[in-house]
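**Student:** The structure's right below; bear with me while I get my questions together.
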Amino acid sequence: ARPAMGATRDDQVAFLASIQRDLNGIADTDRHCRRRAFEALTKRLFTGDGSKPPPSPVLLDAIASSVVPSVTRGLHDPVEKVRESCLGVLVLYVRNCGRVSAGDDADSNPKTRLTPVLKTLLPALVMKAGTSAEEEPSEEIRLAIVGLVGELIALAGDACSPYVDELVNILCTSVNDSYHEVKKKVHGAVDLLVKAVGGKNSTGQTHKSSLELHAGKILAAVLPDATHRHSAARVSCLSAVSSVVPFCTTSEIAELLTPGIRPMCHDRTVSVRKAFHEELARWMARKNDDASSTSTGHGNETENENENATDAAMVDADAVDTPTITTEAKCLVPTAKHLLPMLLTGVADEVPANSVNALLLVEAVGKANDEALRKRFGEKWMCENANDAESAIADEALLLLPHPFVDIDESSGRTTSHTPLPSNASRRLVRSLLPTLLPLAICETREWTSGRRNVGARLLATISIFARDAICASPLLPALIQCLENTVVDDDKDTAGRVLLCAKVIGAYSVDAKTSWIPLLVESITADGMKTGDSRRAASLVILASFIRGASQHTMDKQSTATLAKALAHQNVLTCDHAGVRAQTLAACVNLIKVSAKSLALLDETNVVGAVSHESKASASANLFRVLLQSRAHESPGSDGDGTGHGAISHQQNTAPGALPPKHVSPSARAMTALATACGFGSVDELYAKHARAALSSAKSECKQWRSPNPSQRAFCAFVLDAPVSVFADELSVVESVLDVFCKVSHQENDTTLRVAMLNTLDAAFEDDGQSGVGDGEKTVKINRGAALIGRTDSRAVALITKCVLPSLVWKAGATEASGRYAGVVCLGTMFRASIESTSGGDTSDTSSLTISRAAAFAVIKNETASLLPLIFSAMEEDYYPETRRAACYALRGVLATVGTQLSDENLRLVYPELTKRMDDSRDDVRVATAKCVKTFFESCVPPNGWDSTNALYFLKPFAVHMDDGNELVRDGVLNAVLAAALVKPDVVREVLTPALETHRCVGHVRTGLDACQ
């Protein structure tokens, strides 16, 4: 092959003349001619043939001013293939001009030779891709143009410095392209431009000032790609931003970089977040080096808001003995104010490897800041301020710290048994920026997107771990607590969890809790309804419970415990029926008891059972006891009802409607046990005995104002059902107080729902299975709670029946009043249940086990004002609820079993007509209950041959008809009653059943009854 053409003047003229025809063909009207012209130019300029060799790079560079303008006209050709051919020529032109041939002399620099190309090519590229006036429709051509720009920058190097304006225009416009590959090419070109212009050339000169002028513009154009849907585009964007950051001013970092790059804090790709964290640390370290250097012009001006204030404090350490350093001066990393929050967010990354890496990067920035402080202020200041040995408070708080703060090796990032992070250096850095970090994190938690709120919550938690007790001393603590209360109700579980972690950490490190967060939270949870709603109060209690959960015996003294216990027992808290408030009050109370058990704050030398004083009523243990009692009351199935719901009128269950759940499944009962232990008592019984009088004294004083079910009433009922039986059996004043409250509240003037609630409680007390106690001699018996209230005292039994139960049996119109009658008659039946059970075997002589004695029951019957039997008869005819009729039959059965033969003939004549009527009831279960009552009637109340046979005949004759009832249960019940009657009135039974042999279908029952009369 012939050698390439040289670069003499004659060579240039000759070569231009040889390609002039092809250059003219670029403007031809025929598209095919234009395309052939570019193909001919490609062959003539770069490949050549045997007769026409290609020109040398030097010649190409020399004729660029003539060739390139003609070629670039093809960039605007309407035909896409022509534009592609044009770009192909330009790319080859740049590559050939930029390469070094073997025959070039030493002074022939490719970067210098590209200067004419840059001068002629860049204006055309700006017109094509540097403005939004003309938009290229082809993605491939747009990608090729950006690729050409990148290749031109890479080959030209620092020769691009005079053309930075044009290059920036092209890149900033092209980065808005919708094609992600174009964006990635632009990001790469930005990297190349920074390397070419920002570094030093062969002569040691730098052109960074031109980049500094355009850094803000580049950032504004590139940063939107930080949220691109393609992770590769986000990574390339991060790389481009990283190359530009060293040339940005502090104001540009604050106004452009920080808000633009922040979305990467919650990037969905793990690798992107890791690269982002590493770049953040690199930016801070690089800016720190720039700020420490003495040779710089740009960036040391007044744009840095903190720099002037910092410079005033940055004096030579040798010039003073003890330098005075402000909080702002403790941070000498200029960009930490803006970039450190995002790196701190990475410490809470959900990927363990990322969180460890971010923590180590924060440690590196902290060390860099400490090194800068040491250079500025000397070793003496560093020694004085670096003495931050772990105290007992910090040791306790370590148990709360999440990954990666515990046992992380700084060198390898693996878990070890070494001293945990964060170190003093990183904590010092975060504390110095606390006035900036806290407002930023609080603001983030208020964002409308869940991702941004989660970032803010993570930042809050991480800041609290680094800042420790400095947060409690910050004037921003009230705003922070308000932020925690607002954010803990977030729908995102992780966000709420981070907020709770923040509260726990602050509580763990607070040295003086009673003057920092306790007053703020106490005011928040005890505010009246005009200032705060139930949901907000519940949120405040969640935060309070977390603060207490994090606290230890070193941070919670007796005064703090007493203050919090008083707040939890505040009227506005205890009287709130909001489910969230109830649950969180219990949680806070449980946490407070746990902390107090360690600090011995609840121990009191005067905790003698039965001792009552004004101080004991107001003590922390008394307040906590009241809170737990209230919480125990809310565990009752009917605590939220009004007494008129379906639970009050449904069929009987195994447990009373007002009964409390068993203690082994009750969180409140378990907390009560813990409280007893924390107070130094041997058992819960002693705790109840200690606070019984105070609790009942409060109920006695408040019961006069009870008009409907309320928290105070529910607490009283919980005490009655939850207190150990020994309290009632041993303390006379306690029993008298309980009976006094029952009698005062159960009068008819009070609301029916209140009376129903009290009757349900009384019913549950008498239905209690009992607790072990000592009876006569050394025999161990079970003492029923209701029996303990009565205490074998007939006057108490009479008072309970006449003043508490019977008023609700008086008929009044309305469904609500009907529910009261049902509750009353059920309670009455439960009170006499022991009598039914003791006489079910036919033995009516032993009355020692009766809850209501025979004398007490007879006294009530004899009391004309009480009207026991007429009220039961009225309930047996209830129209609203058939369950009331059945329960009335059961109650009458109990009364008959208790009174027995002491019932007069007059009363017997009153009873049997009512039983006869009930045998005609429309419900089979009522007829079965009536038959059982008839059986008890003859077993207990009719002595052998002791009742008028005429009345017995009037009773049994219509009753025996039901021995032929269609329901087998009714037939069997009637037969059992007839058999009982045959034992005391055999002649009457024989007279009644003999005709039935001819009329009844079920003659088997008749024969059985007749056989019993023999």
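Chain lettering (A, B, ...) mirrors the order of the structure tokens, residue numbering begins at 1 for each chain separately, and ligand numbering begins at 1 in order of display.
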What lies within 7 Å of Arg44 (chain A) using only C-alpha atoms, ignoring chain neighbours under 4 positions off, as a list in words?

**Tutor:** Ala40, Gly48 and Pro54 of chain A

**Student:** Generate a file of the selected residues that holds N, CA, C and O atoms, formatted as an mmCIF file, in the first residue's frame.

**Tutor:**
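Saved to part_11.cif:
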data_model
loop_
_atom_site.group_PDB
_atom_site.id
_atom_site.type_symbol
_atom_site.label_atom_id
_atom_site.label_comp_id
_atom_site.auth_asym_id
_atom_site.auth_seq_id
_atom_site.Cartn_x
_atom_site.Cartn_y
_atom_site.Cartn_z
ATOM 1 N N ALA A 40 -18.794 7.572 0.184
ATOM 2 C CA ALA A 40 -17.549 7.868 -0.530
ATOM 3 C C ALA A 40 -16.568 8.587 0.379
ATOM 4 O O ALA A 40 -15.352 8.320 0.345
ATOM 5 N N GLY A 48 -9.374 4.436 2.190
ATOM 6 C CA GLY A 48 -8.577 4.574 0.980
ATOM 7 C C GLY A 48 -8.604 3.308 0.145
ATOM 8 O O GLY A 48 -9.281 2.325 0.460
ATOM 9 N N PRO A 54 -5.478 6.782 2.371
ATOM 10 C CA PRO A 54 -6.126 7.705 3.321
ATOM 11 C C PRO A 54 -5.154 8.763 3.809
ATOM 12 O O PRO A 54 -3.940 8.535 3.846
#

**Student:** If we count only C-alpha atoms and set the cut-off at 7 Å, which residues sit around region 232-249 of chain A, ignoring sequence neighbours fewer than 2 positions away in its own chain? Please answer as number ranges by chain.

**Tutor:** A: 180, 183-184, 187-188, 190-191, 194, 211-212, 215-216, 219, 222, 225-228, 230, 251-253, 272, 279, 283, 287, 299, 303

**Student:** Export N, CA, C and O atoms of the chosen residues as a compact mmCIF listing (two decimals), in the first residue's frame?

**Tutor:**
# COMPACT_ATOMS: atom_id res chain seq x y z
N HIS A 180 -32.97 5.21 28.49
CA HIS A 180 -32.06 5.05 29.62
C HIS A 180 -30.61 4.85 29.19
O HIS A 180 -29.69 5.22 29.91
N LYS A 183 -29.07 8.19 28.86
CA LYS A 183 -28.74 8.74 30.17
C LYS A 183 -27.43 8.18 30.70
O LYS A 183 -26.58 8.91 31.22
N LYS A 184 -27.25 6.87 30.55
CA LYS A 184 -26.02 6.26 31.05
C LYS A 184 -24.80 6.77 30.29
O LYS A 184 -23.73 6.98 30.87
N HIS A 187 -24.03 10.19 31.66
CA HIS A 187 -23.36 10.08 32.96
C HIS A 187 -21.89 9.74 32.79
O HIS A 187 -21.01 10.30 33.46
N GLY A 188 -21.62 8.82 31.85
CA GLY A 188 -20.22 8.48 31.60
C GLY A 188 -19.45 9.64 31.01
O GLY A 188 -18.26 9.85 31.33
N VAL A 190 -20.01 12.76 31.58
CA VAL A 190 -19.73 13.71 32.67
C VAL A 190 -18.48 13.30 33.43
O VAL A 190 -17.63 14.12 33.78
N ASP A 191 -18.36 12.00 33.72
CA ASP A 191 -17.15 11.50 34.38
C ASP A 191 -15.91 11.84 33.56
O ASP A 191 -14.88 12.30 34.10
N VAL A 194 -15.04 15.61 33.71
CA VAL A 194 -14.41 16.03 34.97
C VAL A 194 -12.96 15.58 35.02
O VAL A 194 -12.07 16.33 35.44
N LEU A 211 -15.01 24.12 35.59
CA LEU A 211 -15.96 23.13 36.09
C LEU A 211 -16.73 23.67 37.28
O LEU A 211 -17.92 23.39 37.45
N GLU A 212 -16.06 24.43 38.12
CA GLU A 212 -16.74 24.98 39.29
C GLU A 212 -17.88 25.92 38.88
O GLU A 212 -18.89 26.02 39.57
N ALA A 215 -20.72 23.36 37.81
CA ALA A 215 -21.03 22.21 38.66
C ALA A 215 -22.51 22.20 39.06
O ALA A 215 -23.16 21.15 39.05
N GLY A 216 -23.01 23.36 39.43
CA GLY A 216 -24.41 23.42 39.84
C GLY A 216 -25.36 23.05 38.72
O GLY A 216 -26.36 22.35 38.93
N LEU A 219 -25.24 19.27 38.21
CA LEU A 219 -25.97 18.58 39.27
C LEU A 219 -27.48 18.66 39.05
O LEU A 219 -28.20 17.66 39.17
N VAL A 222 -28.43 16.22 36.23
CA VAL A 222 -28.17 14.79 36.40
C VAL A 222 -28.97 14.20 37.57
O VAL A 222 -29.40 13.05 37.52
N ASP A 225 -32.07 11.71 37.74
CA ASP A 225 -31.89 10.30 37.41
C ASP A 225 -31.61 9.45 38.64
O ASP A 225 -31.51 8.22 38.54
N ALA A 226 -31.48 10.06 39.81
CA ALA A 226 -31.28 9.30 41.05
C ALA A 226 -32.51 8.47 41.39
O ALA A 226 -32.43 7.53 42.19
N THR A 227 -33.64 8.80 40.79
CA THR A 227 -34.87 8.04 41.02
C THR A 227 -35.31 7.26 39.78
O THR A 227 -36.46 6.85 39.69
N HIS A 228 -34.39 7.06 38.83
CA HIS A 228 -34.74 6.34 37.60
C HIS A 228 -35.12 4.90 37.91
O HIS A 228 -34.66 4.31 38.88
N HIS A 230 -34.42 2.21 36.35
CA HIS A 230 -33.36 1.24 36.10
C HIS A 230 -32.21 1.45 37.09
O HIS A 230 -31.70 2.56 37.23
N SER A 251 -23.21 25.82 49.23
CA SER A 251 -24.60 26.17 48.96
C SER A 251 -25.18 25.25 47.89
O SER A 251 -26.36 24.87 47.95
N GLU A 252 -24.39 24.88 46.90
CA GLU A 252 -24.88 23.95 45.88
C GLU A 252 -25.12 22.56 46.47
O GLU A 252 -26.08 21.87 46.10
N ILE A 253 -24.27 22.16 47.40
CA ILE A 253 -24.47 20.87 48.05
C ILE A 253 -25.75 20.90 48.87
O ILE A 253 -26.52 19.92 48.90
N VAL A 272 -27.15 -0.45 45.09
CA VAL A 272 -27.20 1.01 44.89
C VAL A 272 -27.07 1.72 46.23
O VAL A 272 -26.34 2.71 46.35
N GLU A 279 -20.19 6.62 48.64
CA GLU A 279 -19.95 7.92 48.02
C GLU A 279 -20.17 9.05 49.02
O GLU A 279 -19.44 10.05 49.01
N TRP A 283 -17.45 11.85 49.74
CA TRP A 283 -17.68 13.28 49.53
C TRP A 283 -17.31 14.08 50.78
O TRP A 283 -16.69 15.13 50.69
N LYS A 287 -14.28 16.80 50.86
CA LYS A 287 -14.53 18.19 51.22
C LYS A 287 -13.78 18.58 52.48
O LYS A 287 -13.35 19.72 52.64
N GLY A 299 -14.71 27.85 46.89
CA GLY A 299 -15.19 26.99 47.95
C GLY A 299 -14.82 27.50 49.31
O GLY A 299 -15.36 27.06 50.31
N GLU A 303 -19.92 31.37 50.83
CA GLU A 303 -21.10 30.54 50.60
C GLU A 303 -21.32 29.57 51.74
O GLU A 303 -22.44 29.18 52.01

**Student:** Got a sec to tell me which of region 548-631 of chain A DSSP assigns to alpha helix (DSSP H), as a VMD selection string?

**Tutor:** chain A and resid 548 to 550 558 to 568 571 to 574 579 to 599 614 to 617 620 to 631

**Student:** Record the distance separating CA of Val734 (chain A) and CA of Leu789 (chain A), expressed in Å with one decimal.

**Tutor:**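 One can read the CA of Val734 (chain A) to CA of Leu789 (chain A) distance as 9.2 Å.
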
**Student:** Could you build a table of the residues in region 805-894 of chain A lying no more than 7 Å from region 753-763 of chain A, giving for each the nearest pair of atoms and their separation in Å rounded to one decimal place, using only C-alpha atoms, ordered by chain and ascending residue number, as a Markdown table?

**Tutor:**
| residue | atom | partner | partner_atom | distance |
| --- | --- | --- | --- | --- |
| A:Gly820 | CA | A:Val756 | CA | 5.4 |
| A:Ala823 | CA | A:Val756 | CA | 5.9 |
| A:Gly824 | CA | A:Leu759 | CA | 6.3 |
| A:Cys827 | CA | A:Asp763 | CA | 4.6 |
| A:Thr830 | CA | A:Asp763 | CA | 6.2 |

**Student:** Got time to write the residues from that selection, C-alpha atoms, as a CSV table (one decimal), in the first residue's frame?

**Tutor:**
chain,number,residue,atom,x,y,z
A,820,GLY,CA,-82.6,-5.6,84.9
A,823,ALA,CA,-80.1,-9.9,86.0
A,824,GLY,CA,-81.8,-9.7,89.3
A,827,CYS,CA,-78.4,-13.2,90.8
A,830,THR,CA,-77.1,-17.9,92.2

**Student:** Env of region 861-878 of chain A: 9 Å cut, atoms = only C-alpha atoms, seq-sep filter 3 positions within chain, self excluded. Answer as JSON, numbers by chain.

**Tutor:** {"A": [801, 802, 803, 806, 807, 809, 810, 811, 818, 821, 822, 825, 856, 857, 858, 881, 882, 883, 884, 885, 886, 887, 888, 889, 891, 892, 895, 903, 907, 910, 911, 914, 915, 918]}

**Student:** Which residue gives the smallest distance to Ser432 (chain A) among A:Ala470, A:Leu956, A:Ile153, A:Leu564, with only C-alpha atoms counted?

**Tutor:**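 The closest residue to Ser432 (chain A) is A:Ala470.
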
**Student:** Ranking A:Leu574, A:Ile518, A:Val67, A:Ala718 by minimum distance to Gln559 (chain A) and counting only C-alpha atoms, which one comes first?

**Tutor:** A:Ile518

**Student:** Which is closer to Ser726 (chain A) than all the others in A:Asn784, A:Ser540, A:Ser231, A:Thr462, using only C-alpha atoms?

**Tutor:**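 The shortest atom-to-atom distance to Ser726 (chain A) comes from A:Asn784.
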
**Student:** Determine the nearest neighbour of Thr495 (chain A) from the options A:Arg537, A:Arg446, A:Lys663, A:Arg971, counting only C-alpha atoms.

**Tutor:**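 For Thr495 (chain A), the nearest of the candidates is A:Arg446.
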
**Student:** For the atom pair CA of Ile790 (chain A) and CA of Gly829 (chain A), what is the interatomic distance in Å to one decimal place?

**Tutor:** 15.9 Å

**Student:** Select, from A:Val741, A:Ala788, A:Cys679, A:Ala981, the residue with the minimum atom-to-atom distance to Ala699 (chain A), counting only C-alpha atoms.

**Tutor:**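 So, comparing all the options, the nearest one is A:Val741.
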
**Student:** Which residues, written as a PyMOL selection string, have at least one atom at most 9 Å from region 261-265 of chain A, with only C-alpha atoms counted and residues fewer than 2 positions away on the same chain left out?

**Tutor:** chain A and resi 223-224+226-227+234+238+241+256-259+267-268+272-273+276-277+342-343+345-346+349+451-452+455

**Student:** May I have the residues within 10 Å of Lys744 (chain A) as a ChimeraX atom specification, using only C-alpha atoms and disregarding those fewer than 2 positions away in the same chain?

**Tutor:** /A:700,703-704,706,739-742,746-747,750,803-804
